[in-house]
>>> print(open('final-v2.txt').read())   # compact mmCIF, C-alpha atoms
# COMPACT_ATOMS: atom_id res chain seq x y z
CA MET A 10 149.16 22.45 195.94
CA GLU A 11 151.81 22.38 193.20
CA GLU A 12 151.54 18.59 192.96
CA GLU A 13 147.74 18.81 192.80
CA LEU A 14 147.89 21.45 190.07
CA LYS A 15 150.44 19.41 188.12
CA ASP A 16 148.14 16.41 188.32
CA ILE A 17 145.21 18.53 187.14
CA VAL A 18 147.14 19.99 184.22
CA GLU A 19 148.31 16.55 183.13
CA GLN A 20 144.67 15.61 182.75
CA GLN A 21 144.35 18.27 180.04
CA GLN A 22 147.00 16.76 177.75
CA PRO A 23 145.58 15.21 174.56
CA VAL A 24 144.76 11.54 174.85
CA PRO A 25 145.34 9.52 171.67
CA GLU A 26 142.48 7.60 170.13
CA THR A 27 144.55 4.40 170.48
CA ALA A 28 147.32 3.32 172.82
CA GLU A 29 149.40 0.21 173.40
CA ASN A 30 148.86 -2.06 176.37
CA SER A 31 151.60 -3.99 178.22
CA GLU A 32 151.55 -6.69 175.54
CA GLY A 33 152.11 -4.19 172.73
CA SER A 34 148.65 -4.49 171.13
CA ALA A 35 146.56 -1.42 170.26
CA VAL A 36 143.71 -0.51 172.60
CA VAL A 37 141.03 2.01 171.70
CA ASP A 38 140.57 4.77 174.28
CA THR A 39 136.83 4.61 174.87
CA ARG A 40 136.80 7.89 176.83
CA LYS A 41 136.65 9.74 173.50
CA ARG A 42 133.23 8.22 172.85
CA TYR A 43 131.47 9.87 175.79
CA PRO A 44 130.56 13.57 176.17
CA TRP A 45 131.48 13.66 179.85
CA TYR A 46 135.07 12.94 178.84
CA TYR A 47 135.41 16.56 177.78
CA VAL A 48 134.53 17.74 181.30
CA LYS A 49 138.09 17.48 182.52
CA ARG A 50 139.42 17.52 186.02
CA ILE A 51 140.47 21.14 185.78
CA ASP A 52 136.87 22.04 184.84
CA ARG A 53 135.56 20.27 187.91
CA TYR A 54 138.24 21.97 190.00
CA ILE A 55 137.20 25.47 188.83
CA ILE A 56 133.45 24.79 188.98
CA LYS A 57 133.69 23.34 192.48
CA ASN A 58 135.70 26.28 193.78
CA PHE A 59 133.62 28.90 191.94
CA LEU A 60 130.25 27.61 193.19
CA GLY A 61 131.70 26.80 196.62
CA THR A 62 132.96 30.35 197.01
CA PHE A 63 129.60 31.67 195.76
CA PHE A 64 127.59 29.81 198.40
CA PHE A 65 130.12 30.62 201.11
CA ALA A 66 129.82 34.33 200.26
CA ILE A 67 126.03 33.99 200.48
CA LEU A 68 126.23 32.51 203.99
CA LEU A 69 128.52 35.30 205.16
CA LEU A 70 126.29 38.02 203.74
CA PHE A 71 123.18 36.35 205.16
CA ALA A 72 124.68 36.59 208.64
CA ILE A 73 125.41 40.30 208.14
CA VAL A 74 121.98 41.02 206.61
CA VAL A 75 120.16 39.23 209.45
CA MET A 76 122.01 41.24 212.10
CA PHE A 77 121.33 44.58 210.42
CA ASP A 78 117.70 43.68 209.70
CA ILE A 79 117.05 42.62 213.29
CA ASN A 80 118.52 45.92 214.48
CA GLU A 81 116.33 47.87 212.06
CA LYS A 82 113.14 45.98 212.96
CA LEU A 83 113.91 45.41 216.62
CA ASP A 84 110.48 46.56 217.85
CA ALA A 85 108.71 44.15 215.49
CA VAL A 86 111.07 41.28 216.38
CA LEU A 87 110.38 41.80 220.10
CA THR A 88 106.61 42.15 219.58
CA ALA A 89 105.83 39.50 216.98
CA PRO A 90 105.78 35.77 217.85
CA LEU A 91 109.17 34.13 217.40
CA LYS A 92 107.70 31.52 215.03
CA ALA A 93 106.30 34.23 212.75
CA THR A 94 109.58 36.16 212.77
CA VAL A 95 111.69 33.13 211.90
CA PHE A 96 109.47 31.21 209.50
CA GLN A 97 107.15 33.85 208.04
CA TYR A 98 109.71 36.63 207.70
CA PHE A 99 113.36 35.54 207.70
CA MET A 100 112.87 32.22 205.88
CA ASN A 101 111.20 34.21 203.09
CA PHE A 102 113.44 37.28 203.36
CA LEU A 103 116.78 35.52 202.79
CA PRO A 104 115.86 34.08 199.35
CA PHE A 105 114.67 37.58 198.42
CA VAL A 106 118.08 39.00 199.38
CA LEU A 107 119.81 36.27 197.37
CA SER A 108 117.79 37.18 194.29
CA GLN A 109 118.44 40.91 194.66
CA PHE A 110 122.20 40.60 195.20
CA SER A 111 123.00 37.57 193.06
CA PRO A 112 125.20 39.66 190.68
CA LEU A 113 127.18 40.92 193.68
CA PHE A 114 127.70 37.38 195.01
CA THR A 115 128.75 36.15 191.58
CA PHE A 116 131.27 38.91 191.00
CA ILE A 117 132.83 38.64 194.45
CA SER A 118 133.13 34.86 194.05
CA VAL A 119 134.90 35.15 190.70
CA ILE A 120 137.23 37.89 191.91
CA PHE A 121 138.11 36.12 195.17
CA PHE A 122 138.59 32.62 193.74
CA THR A 123 140.46 33.68 190.58
CA SER A 124 142.68 36.12 192.48
CA ARG A 125 143.78 33.27 194.74
CA LEU A 126 144.61 31.16 191.68
CA ALA A 127 146.60 34.00 190.16
CA ASP A 128 148.35 34.83 193.45
CA ARG A 129 149.53 31.20 193.75
CA SER A 130 150.63 31.27 190.06
CA GLU A 131 148.18 28.47 189.23
CA ILE A 132 146.74 30.29 186.22
CA ILE A 133 150.24 30.88 184.88
CA ALA A 134 150.92 27.16 185.21
CA MET A 135 147.70 26.32 183.36
CA LEU A 136 148.44 28.69 180.48
CA SER A 137 152.07 27.60 180.21
CA ASN A 138 150.96 23.97 179.89
CA GLY A 139 148.96 24.63 176.74
CA ILE A 140 145.53 25.59 178.10
CA SER A 141 144.27 28.66 176.25
CA PHE A 142 142.57 31.52 178.05
CA HIS A 143 139.40 30.85 176.02
CA ARG A 144 139.39 27.21 177.17
CA LEU A 145 139.94 28.34 180.75
CA THR A 146 136.80 30.51 180.45
CA LEU A 147 134.45 27.58 179.74
CA PRO A 148 134.06 26.26 183.33
CA TYR A 149 133.48 29.83 184.49
CA LEU A 150 130.68 30.24 181.97
CA PHE A 151 129.17 26.90 183.01
CA SER A 152 129.16 28.00 186.66
CA ALA A 153 127.62 31.33 185.63
CA ALA A 154 124.90 29.43 183.73
CA VAL A 155 124.07 27.41 186.86
CA ILE A 156 123.82 30.60 188.92
CA ALA A 157 121.79 32.42 186.24
CA LEU A 158 119.31 29.55 185.90
CA GLY A 159 118.93 29.21 189.66
CA SER A 160 118.50 32.98 190.11
CA TYR A 161 115.82 33.16 187.43
CA LEU A 162 113.85 30.23 188.81
CA LEU A 163 114.00 31.79 192.26
CA ALA A 164 112.95 35.25 191.08
CA ALA A 165 110.26 34.07 188.65
CA TYR A 166 108.58 31.20 190.49
CA ILE A 167 109.79 30.56 194.04
CA ILE A 168 110.33 33.95 195.68
CA PRO A 169 106.98 35.62 194.70
CA PRO A 170 104.85 33.24 196.85
CA ALA A 171 107.38 33.68 199.66
CA ASN A 172 107.10 37.47 199.29
CA ILE A 173 103.39 37.24 200.05
CA GLU A 174 104.20 35.89 203.51
CA ARG A 175 107.09 38.32 204.03
CA ILE A 176 105.06 41.40 203.06
CA ALA A 177 102.12 40.23 205.17
CA TYR A 178 104.48 40.08 208.18
CA THR A 179 105.88 43.58 207.57
CA ASN A 180 102.40 45.01 207.02
CA LYS A 181 101.24 43.57 210.33
CA TRP A 182 104.26 44.08 212.57
CA VAL A 183 106.48 46.74 210.97
CA LYS A 184 104.55 49.23 208.82
CA ASN A 185 101.35 48.67 206.90
CA LYS A 186 101.90 49.74 203.29
CA GLU A 187 98.79 48.05 201.93
CA VAL A 188 96.51 50.32 199.90
CA ILE A 189 92.92 49.90 201.11
CA TYR A 190 91.29 53.04 199.68
CA GLY A 191 90.84 54.34 196.16
CA ASP A 192 89.31 57.53 194.75
CA ASN A 193 87.98 58.34 191.28
CA ILE A 194 88.53 54.83 189.94
CA GLN A 195 87.89 54.34 186.24
CA LEU A 196 88.78 51.30 184.15
CA GLN A 197 87.62 49.27 181.19
CA VAL A 198 85.70 46.11 182.10
CA ARG A 199 85.78 44.88 178.53
CA PRO A 200 85.95 46.60 175.12
CA GLY A 201 83.20 49.21 175.01
CA VAL A 202 82.26 48.91 178.71
CA MET A 203 83.62 51.41 181.26
CA ALA A 204 83.23 51.31 185.05
CA TYR A 205 83.60 54.21 187.49
CA MET A 206 83.59 54.54 191.30
CA SER A 207 84.05 57.78 193.19
CA ARG A 208 85.53 55.85 196.12
CA TYR A 209 86.29 52.27 197.17
CA ASP A 210 86.99 51.02 200.71
CA ASN A 211 88.62 47.59 200.84
CA THR A 212 88.01 47.18 204.58
CA THR A 213 84.25 46.99 203.91
CA ARG A 214 84.73 45.87 200.28
CA SER A 215 82.32 48.62 199.24
CA GLY A 216 82.34 51.21 196.48
CA PHE A 217 80.29 54.40 196.27
CA ARG A 218 78.60 56.32 193.42
CA PHE A 219 79.16 53.52 190.93
CA SER A 220 78.39 53.72 187.22
CA LEU A 221 78.74 51.24 184.36
CA GLU A 222 78.47 52.53 180.79
CA GLU A 223 78.28 50.51 177.60
CA PHE A 224 79.18 52.06 174.24
CA ASP A 225 78.71 51.04 170.63
CA GLY A 226 81.58 52.94 169.09
CA THR A 227 80.99 56.46 170.41
CA THR A 228 77.26 55.94 171.02
CA LEU A 229 76.09 55.34 174.58
CA LYS A 230 73.86 52.23 174.63
CA SER A 231 73.17 51.79 178.36
CA ARG A 232 74.15 53.24 181.72
CA LEU A 233 73.83 51.67 185.16
CA THR A 234 74.23 53.86 188.25
CA ALA A 235 74.14 52.77 191.89
CA GLU A 236 74.62 54.40 195.25
CA THR A 237 76.84 51.54 196.47
CA ILE A 238 78.45 48.41 195.11
CA LYS A 239 79.89 45.60 197.22
CA TYR A 240 82.51 43.04 196.21
CA ASP A 241 81.45 39.49 197.07
CA SER A 242 83.80 37.03 195.40
CA VAL A 243 85.76 36.67 192.18
CA GLY A 244 83.84 38.63 189.55
CA LEU A 245 80.63 38.84 191.63
CA TRP A 246 79.42 42.27 192.79
CA THR A 247 76.17 43.45 194.42
CA VAL A 248 74.73 46.88 193.50
CA ARG A 249 72.22 48.66 195.70
CA GLN A 250 69.74 51.42 194.86
CA TYR A 251 70.48 51.13 191.18
CA THR A 252 69.07 52.69 188.04
CA ILE A 253 69.49 51.27 184.54
CA ARG A 254 68.94 53.42 181.45
CA ASN A 255 68.89 51.82 178.00
CA PHE A 256 69.13 54.02 174.90
CA ASN A 257 67.79 53.08 171.48
CA GLY A 258 68.16 56.11 169.27
CA MET A 259 65.88 58.78 170.73
CA LYS A 260 64.05 56.23 172.88
CA GLU A 261 65.03 55.65 176.50
CA THR A 262 63.85 53.00 178.95
CA MET A 263 64.61 53.13 182.65
CA THR A 264 64.61 50.43 185.34
CA LYS A 265 65.10 50.94 189.07
CA GLY A 266 65.71 48.48 191.88
CA MET A 267 67.08 48.05 195.38
CA VAL A 268 69.50 45.09 195.10
CA MET A 269 70.98 43.24 192.13
CA ASP A 270 73.85 40.81 191.76
CA THR A 271 76.02 41.27 188.69
CA LEU A 272 79.12 39.71 187.19
CA LEU A 273 81.95 42.14 186.43
CA ASN A 274 85.36 41.12 185.19
CA ILE A 275 87.15 43.34 187.70
CA ASP A 276 88.79 42.73 191.05
CA PRO A 277 89.85 45.21 193.78
CA ARG A 278 93.44 44.20 193.10
CA ASP A 279 93.07 45.67 189.60
CA PHE A 280 92.81 49.22 190.94
CA LEU A 281 94.14 49.04 194.54
CA ILE A 282 97.83 48.66 193.79
CA SER A 283 100.08 48.55 196.86
CA LYS A 284 103.82 49.03 197.00
CA ASN A 285 105.72 45.82 196.17
CA ASP A 286 102.63 44.07 194.75
CA GLU A 287 104.72 43.22 191.69
CA GLN A 288 107.06 41.16 193.87
CA THR A 289 104.24 38.80 194.89
CA MET A 290 103.49 37.59 191.35
CA THR A 291 105.27 34.88 189.41
CA SER A 292 106.49 35.83 185.95
CA PRO A 293 103.51 34.22 184.13
CA GLN A 294 101.14 36.01 186.52
CA LEU A 295 102.98 39.29 185.96
CA LYS A 296 102.71 38.93 182.18
CA GLU A 297 99.00 38.15 182.36
CA TYR A 298 98.37 41.03 184.77
CA ILE A 299 100.30 43.53 182.61
CA ASN A 300 98.41 42.53 179.45
CA LYS A 301 95.05 42.73 181.24
CA GLN A 302 95.77 46.12 182.77
CA LYS A 303 96.98 47.54 179.46
CA ALA A 304 93.77 46.39 177.80
CA ARG A 305 91.79 48.17 180.51
CA GLY A 306 93.71 51.40 180.14
CA VAL A 307 95.26 51.31 183.61
CA ALA A 308 98.30 53.59 183.65
CA ASN A 309 100.15 52.81 186.91
CA ILE A 310 101.69 49.48 185.95
CA LYS A 311 105.26 50.62 185.23
CA ASN A 312 106.62 48.91 188.34
CA PHE A 313 105.08 45.61 187.19
CA GLU A 314 106.68 45.92 183.75
CA ILE A 315 110.04 46.86 185.27
CA GLU A 316 109.94 43.86 187.62
CA TYR A 317 109.10 41.49 184.76
CA GLU A 318 111.96 42.78 182.59
CA ARG A 319 114.38 42.95 185.53
CA ARG A 320 114.04 39.22 186.20
CA ILE A 321 115.07 38.46 182.63
CA ALA A 322 117.85 41.05 182.44
CA MET A 323 119.41 39.88 185.70
CA THR A 324 120.12 36.44 184.22
CA ALA A 325 122.59 38.05 181.81
CA ALA A 326 124.37 39.74 184.70
CA ALA A 327 125.84 36.44 185.89
CA PHE A 328 127.65 35.93 182.57
CA ILE A 329 128.73 39.56 182.14
CA LEU A 330 130.13 39.97 185.65
CA THR A 331 131.82 36.57 185.50
CA ILE A 332 133.73 37.59 182.37
CA ILE A 333 134.68 40.94 183.90
CA GLY A 334 135.77 39.29 187.16
CA LEU A 335 137.86 36.66 185.37
CA SER A 336 139.49 39.25 183.12
CA LEU A 337 140.41 41.54 186.04
CA SER A 338 141.73 38.91 188.43
CA SER A 339 143.45 36.40 186.14
CA ARG A 340 146.74 38.31 186.27
CA LYS A 341 148.94 38.41 189.35
CA VAL A 342 149.18 41.99 190.62
CA ARG A 343 151.52 43.60 193.10
CA GLY A 344 148.71 44.75 195.35
CA GLY A 345 147.53 41.16 195.97
CA ILE A 346 143.94 39.95 196.00
CA GLY A 347 142.79 42.87 198.15
CA LEU A 348 143.06 45.25 195.19
CA ASN A 349 141.03 42.90 192.97
CA ILE A 350 138.34 42.38 195.61
CA GLY A 351 138.05 46.14 196.16
CA LEU A 352 137.73 46.76 192.43
CA GLY A 353 135.22 43.92 192.15
CA LEU A 354 133.04 45.38 194.89
CA LEU A 355 133.14 48.79 193.21
CA LEU A 356 132.08 47.41 189.82
CA SER A 357 129.38 45.10 191.18
CA PHE A 358 127.81 47.82 193.31
CA SER A 359 127.99 50.23 190.38
CA TYR A 360 126.12 47.68 188.25
CA ILE A 361 123.31 47.34 190.80
CA LEU A 362 123.17 51.13 191.23
CA PHE A 363 123.15 51.63 187.46
CA MET A 364 120.19 49.28 187.09
CA THR A 365 118.33 51.16 189.84
CA VAL A 366 118.99 54.49 188.12
CA THR A 367 117.90 53.32 184.68
CA SER A 368 114.65 51.94 186.11
CA THR A 369 113.67 55.54 186.88
CA PHE A 370 113.89 56.25 183.14
CA ALA A 371 111.03 53.81 182.58
CA VAL A 372 109.00 55.21 185.49
CA SER A 373 109.42 58.72 184.07
CA GLY A 374 108.44 57.55 180.60
CA TYR A 375 111.77 58.35 178.93
CA THR A 376 112.17 54.80 177.69
CA SER A 377 110.46 51.43 177.80
CA PRO A 378 111.00 49.12 180.82
CA ARG A 379 112.78 46.57 178.62
CA VAL A 380 115.29 49.10 177.31
CA ALA A 381 115.77 50.59 180.78
CA MET A 382 116.60 47.20 182.30
CA TRP A 383 119.01 46.24 179.50
CA ILE A 384 120.97 49.52 179.36
CA PRO A 385 123.34 48.38 182.19
CA ASN A 386 123.85 45.04 180.45
CA PHE A 387 124.75 46.70 177.14
CA VAL A 388 127.23 49.03 178.86
CA TYR A 389 128.85 46.25 180.88
CA ILE A 390 128.97 43.89 177.88
CA ILE A 391 131.24 46.43 176.19
CA ILE A 392 133.38 46.68 179.33
CA ALA A 393 133.54 42.88 179.57
CA ALA A 394 134.55 42.53 175.90
CA VAL A 395 137.40 45.06 176.24
CA LEU A 396 138.73 43.54 179.44
CA TYR A 397 138.45 39.99 178.11
CA TYR A 398 140.33 40.94 174.94
CA LYS A 399 143.17 42.47 176.96
CA ALA A 400 143.32 39.55 179.40
CA SER A 401 143.43 36.90 176.67
CA ARG A 402 146.36 38.48 174.84
>>> encode(input="final-v2.txt", output="structure tokens")
Amino acid sequence: MEEELKDIVEQQQPVPETAENSEGSAVVDTRKRYPWYYVKRIDRYIIKNFLGTFFFAILLLFAIVVMFDINEKLDAVLTAPLKATVFQYFMNFLPFVLSQFSPLFTFISVIFFTSRLADRSEIIAMLSNGISFHRLTLPYLFSAAVIALGSYLLAAYIIPPANIERIAYTNKWVKNKEVIYGDNIQLQVRPGVMAYMSRYDNTTRSGFRFSLEEFDGTTLKSRLTAETIKYDSVGLWTVRQYTIRNFNGMKETMTKGMVMDTLLNIDPRDFLISKNDEQTMTSPQLKEYINKQKARGVANIKNFEIEYERRIAMTAAAFILTIIGLSLSSRKVRGGIGLNIGLGLLLSFSYILFMTVTSTFAVSGYTSPRVAMWIPNFVYIIIAAVLYYKASR
């Protein structure tokens, strides 16, 4: 290992623009002309070990998570078809776990890998051979950027469709958490048009005691009432036993009928919001849904806003926890790597717990979802800056 490290460090020594060949003539070092020249062997060494440790930690945790999850859902595993359990649930559940605990994996990887380097005095050898601590940080930040980008793409685009299958499995075989009934539903169809249903049953796709009111400012222009309304397809509804009243000043006209098809820009999903629905939408879909629901005056969309902001805030966690992990474990300590790993686990779990706690601030209305999701990052950025300053001295 000492010979390998010596070889790596030698690669970091400055290479002159020109050198002499065996015949004594000057030869231009063309490596200076290419950007990849600056990705030195020591960078590749750190990146390979950082990302390798990260994926190894994932595999270990996956094995633990699968065992605990099978034990928790043993009745469902024994009842459901094996194909559904493996491909519909676990193949979609493991990427979800990766997304949720990516900061933990990152921090443990940095702590474990860097502590080994420090314990074998490799970092001391690097620093003593002219590599600054700031330069040593660059491959760590590059690895963190790879993890952050991968985590965001997973959380924003890949995992939501997989969550649809996973949640469908748990609703069918574990516990059905799907909301299929709604009472006293009121929402804005479009500006100036309000819809109301006393009750909606998604099993029959039928609503009862429906009304649709159109306003011009504060003046009621028309009102449609119906005993029942049935959802047919996207935007298409059928009203039965309806009455339409049109108002023109003091004049009123009334029309009655038995059945009428009408187009309404509403969908049962707009008012039947189940737990974890926000996890089944990609980030563009979440943004569109949030804007549409806000325009309609729907109040219970905090979880959707929190999920949207969480996906963005979590990308910063990879950088913050990498800096903290590097700063804590870059010095050789008497307690060995066990002390660093224990401290790393404590800090990473506290970060995840902190983010969970601050999300309740947004649900309670004490702060906006964006601020709630970034509070842990702001706190840990300060911690990272202090630790990095001390470690680089």
>>> closest_residue(input="final-v2.txt", among="A:Val75, A:Ala171, A:Leu136, A:Ala164", to="A:Gln97", atoms="only C-alpha atoms")
A:Ala171
>>> atom_distance(input="final-v2.txt", atom1="atom CA of A:Phe142", atom2="atom CA of A:Ile392")
17.8 Å
>>> axis_aligned_box(input="final-v2.txt", around="stretch 89-107 of chain A", padding_each_side="4 Å", output="lines of an AutoDock Vina configuration file")
center_x = 112.8
center_y = 35.4
center_z = 207.6
size_x = 22.0
size_y = 16.3
size_z = 28.5
>>> residues_around(input="final-v2.txt", residues="A:Gln250", least_positions_apart="2", cutoff="9 Å", atoms="all atoms listed in the file", output="ChimeraX atom specification")
/A:234-237,248,252,265-269
>>> closest_residue(input="final-v2.txt", among="A:Leu221, A:Leu330, A:Ile156, A:Leu272", to="A:Asn255", atoms="only C-alpha atoms")
A:Leu221
>>> atom_distance(input="final-v2.txt", atom1="atom CA of A:Asp270", atom2="atom CA of A:Asn211")
18.6 Å
>>> residues_around(input="final-v2.txt", residues="A:Pro148", least_positions_apart="3", cutoff="7 Å", atoms="only C-alpha atoms", output="list in words")
Asp52, Ile55, Ile56, Leu145, Phe151 and Ser152 of chain A
>>> decode(input="final-v2.txt", residues="stretch 214-311 of chain A", atoms="C-alpha atoms", output="CSV table (one decimal), in the first residue's frame")
chain,number,residue,atom,x,y,z
A,214,ARG,CA,-67.7,7.0,-9.3
A,215,SER,CA,-70.8,8.8,-8.2
A,216,GLY,CA,-71.5,12.1,-6.4
A,217,PHE,CA,-74.6,13.2,-4.6
A,218,ARG,CA,-76.4,16.5,-4.2
A,219,PHE,CA,-74.2,18.3,-6.8
A,220,SER,CA,-74.3,22.0,-7.5
A,221,LEU,CA,-72.4,24.2,-9.9
A,222,GLU,CA,-72.5,28.0,-9.5
A,223,GLU,CA,-71.2,30.6,-11.8
A,224,PHE,CA,-70.5,34.1,-10.6
A,225,ASP,CA,-69.8,37.5,-12.3
A,226,GLY,CA,-67.8,39.1,-9.5
A,227,THR,CA,-70.1,38.7,-6.5
A,228,THR,CA,-73.3,38.3,-8.6
A,229,LEU,CA,-74.7,34.8,-9.1
A,230,LYS,CA,-75.3,34.3,-12.9
A,231,SER,CA,-76.4,30.6,-13.0
A,232,ARG,CA,-76.8,27.6,-10.8
A,233,LEU,CA,-77.0,24.0,-11.8
A,234,THR,CA,-78.2,21.4,-9.2
A,235,ALA,CA,-78.5,17.6,-9.6
A,236,GLU,CA,-79.4,14.7,-7.5
A,237,THR,CA,-76.4,12.7,-8.7
A,238,ILE,CA,-73.4,13.2,-10.9
A,239,LYS,CA,-71.3,10.3,-12.3
A,240,TYR,CA,-67.6,10.5,-13.5
A,241,ASP,CA,-67.2,9.0,-16.9
A,242,SER,CA,-63.7,9.8,-18.2
A,243,VAL,CA,-61.2,12.7,-18.1
A,244,GLY,CA,-63.3,15.9,-17.7
A,245,LEU,CA,-66.6,14.2,-18.7
A,246,TRP,CA,-69.4,13.9,-16.1
A,247,THR,CA,-73.0,12.9,-16.4
A,248,VAL,CA,-75.7,14.7,-14.2
A,249,ARG,CA,-79.1,13.2,-13.5
A,250,GLN,CA,-82.3,14.9,-12.4
A,251,TYR,CA,-80.8,18.3,-12.9
A,252,THR,CA,-82.2,21.8,-12.7
A,253,ILE,CA,-80.5,24.9,-14.2
A,254,ARG,CA,-81.4,28.4,-13.1
A,255,ASN,CA,-80.1,31.4,-15.1
A,256,PHE,CA,-80.3,34.9,-13.5
A,257,ASN,CA,-80.4,38.1,-15.5
A,258,GLY,CA,-81.0,40.9,-13.0
A,259,MET,CA,-84.5,40.3,-11.6
A,260,LYS,CA,-85.3,37.8,-14.3
A,261,GLU,CA,-84.9,34.1,-13.8
A,262,THR,CA,-85.2,31.2,-16.3
A,263,MET,CA,-85.3,27.6,-15.2
A,264,THR,CA,-84.6,24.4,-17.1
A,265,LYS,CA,-85.1,20.8,-15.9
A,266,GLY,CA,-84.0,17.5,-17.3
A,267,MET,CA,-83.2,13.9,-16.5
A,268,VAL,CA,-79.8,13.3,-18.0
A,269,MET,CA,-77.1,15.6,-19.3
A,270,ASP,CA,-73.4,15.1,-20.2
A,271,THR,CA,-71.1,18.0,-19.2
A,272,LEU,CA,-67.5,18.8,-19.3
A,273,LEU,CA,-65.9,19.8,-16.0
A,274,ASN,CA,-62.2,20.5,-15.5
A,275,ILE,CA,-62.1,18.4,-12.3
A,276,ASP,CA,-61.0,14.9,-11.6
A,277,PRO,CA,-61.7,12.7,-8.5
A,278,ARG,CA,-58.0,12.8,-7.8
A,279,ASP,CA,-58.3,16.5,-7.2
A,280,PHE,CA,-60.4,16.0,-4.0
A,281,LEU,CA,-59.8,12.4,-3.0
A,282,ILE,CA,-56.2,12.7,-1.7
A,283,SER,CA,-54.8,9.5,-0.3
A,284,LYS,CA,-51.7,9.1,1.9
A,285,ASN,CA,-48.5,9.0,-0.1
A,286,ASP,CA,-50.2,10.3,-3.3
A,287,GLU,CA,-47.4,12.9,-3.5
A,288,GLN,CA,-44.8,10.1,-3.9
A,289,THR,CA,-46.5,8.8,-7.1
A,290,MET,CA,-45.9,12.1,-9.1
A,291,THR,CA,-42.8,13.2,-10.9
A,292,SER,CA,-41.5,16.6,-10.0
A,293,PRO,CA,-43.1,18.3,-13.1
A,294,GLN,CA,-46.4,16.6,-12.3
A,295,LEU,CA,-46.1,17.7,-8.7
A,296,LYS,CA,-45.5,21.3,-9.7
A,297,GLU,CA,-48.4,21.3,-12.1
A,298,TYR,CA,-50.7,19.7,-9.5
A,299,ILE,CA,-49.7,22.2,-6.8
A,300,ASN,CA,-50.4,25.2,-9.0
A,301,LYS,CA,-53.7,23.8,-10.1
A,302,GLN,CA,-54.9,23.0,-6.6
A,303,LYS,CA,-53.8,26.4,-5.3
A,304,ALA,CA,-55.8,28.1,-8.1
A,305,ARG,CA,-58.9,26.0,-7.1
A,306,GLY,CA,-58.5,26.9,-3.4
A,307,VAL,CA,-57.8,23.4,-2.2
A,308,ALA,CA,-56.1,23.6,1.2
A,309,ASN,CA,-54.8,20.1,1.9
A,310,ILE,CA,-51.8,20.1,-0.4
A,311,LYS,CA,-49.0,20.7,2.1
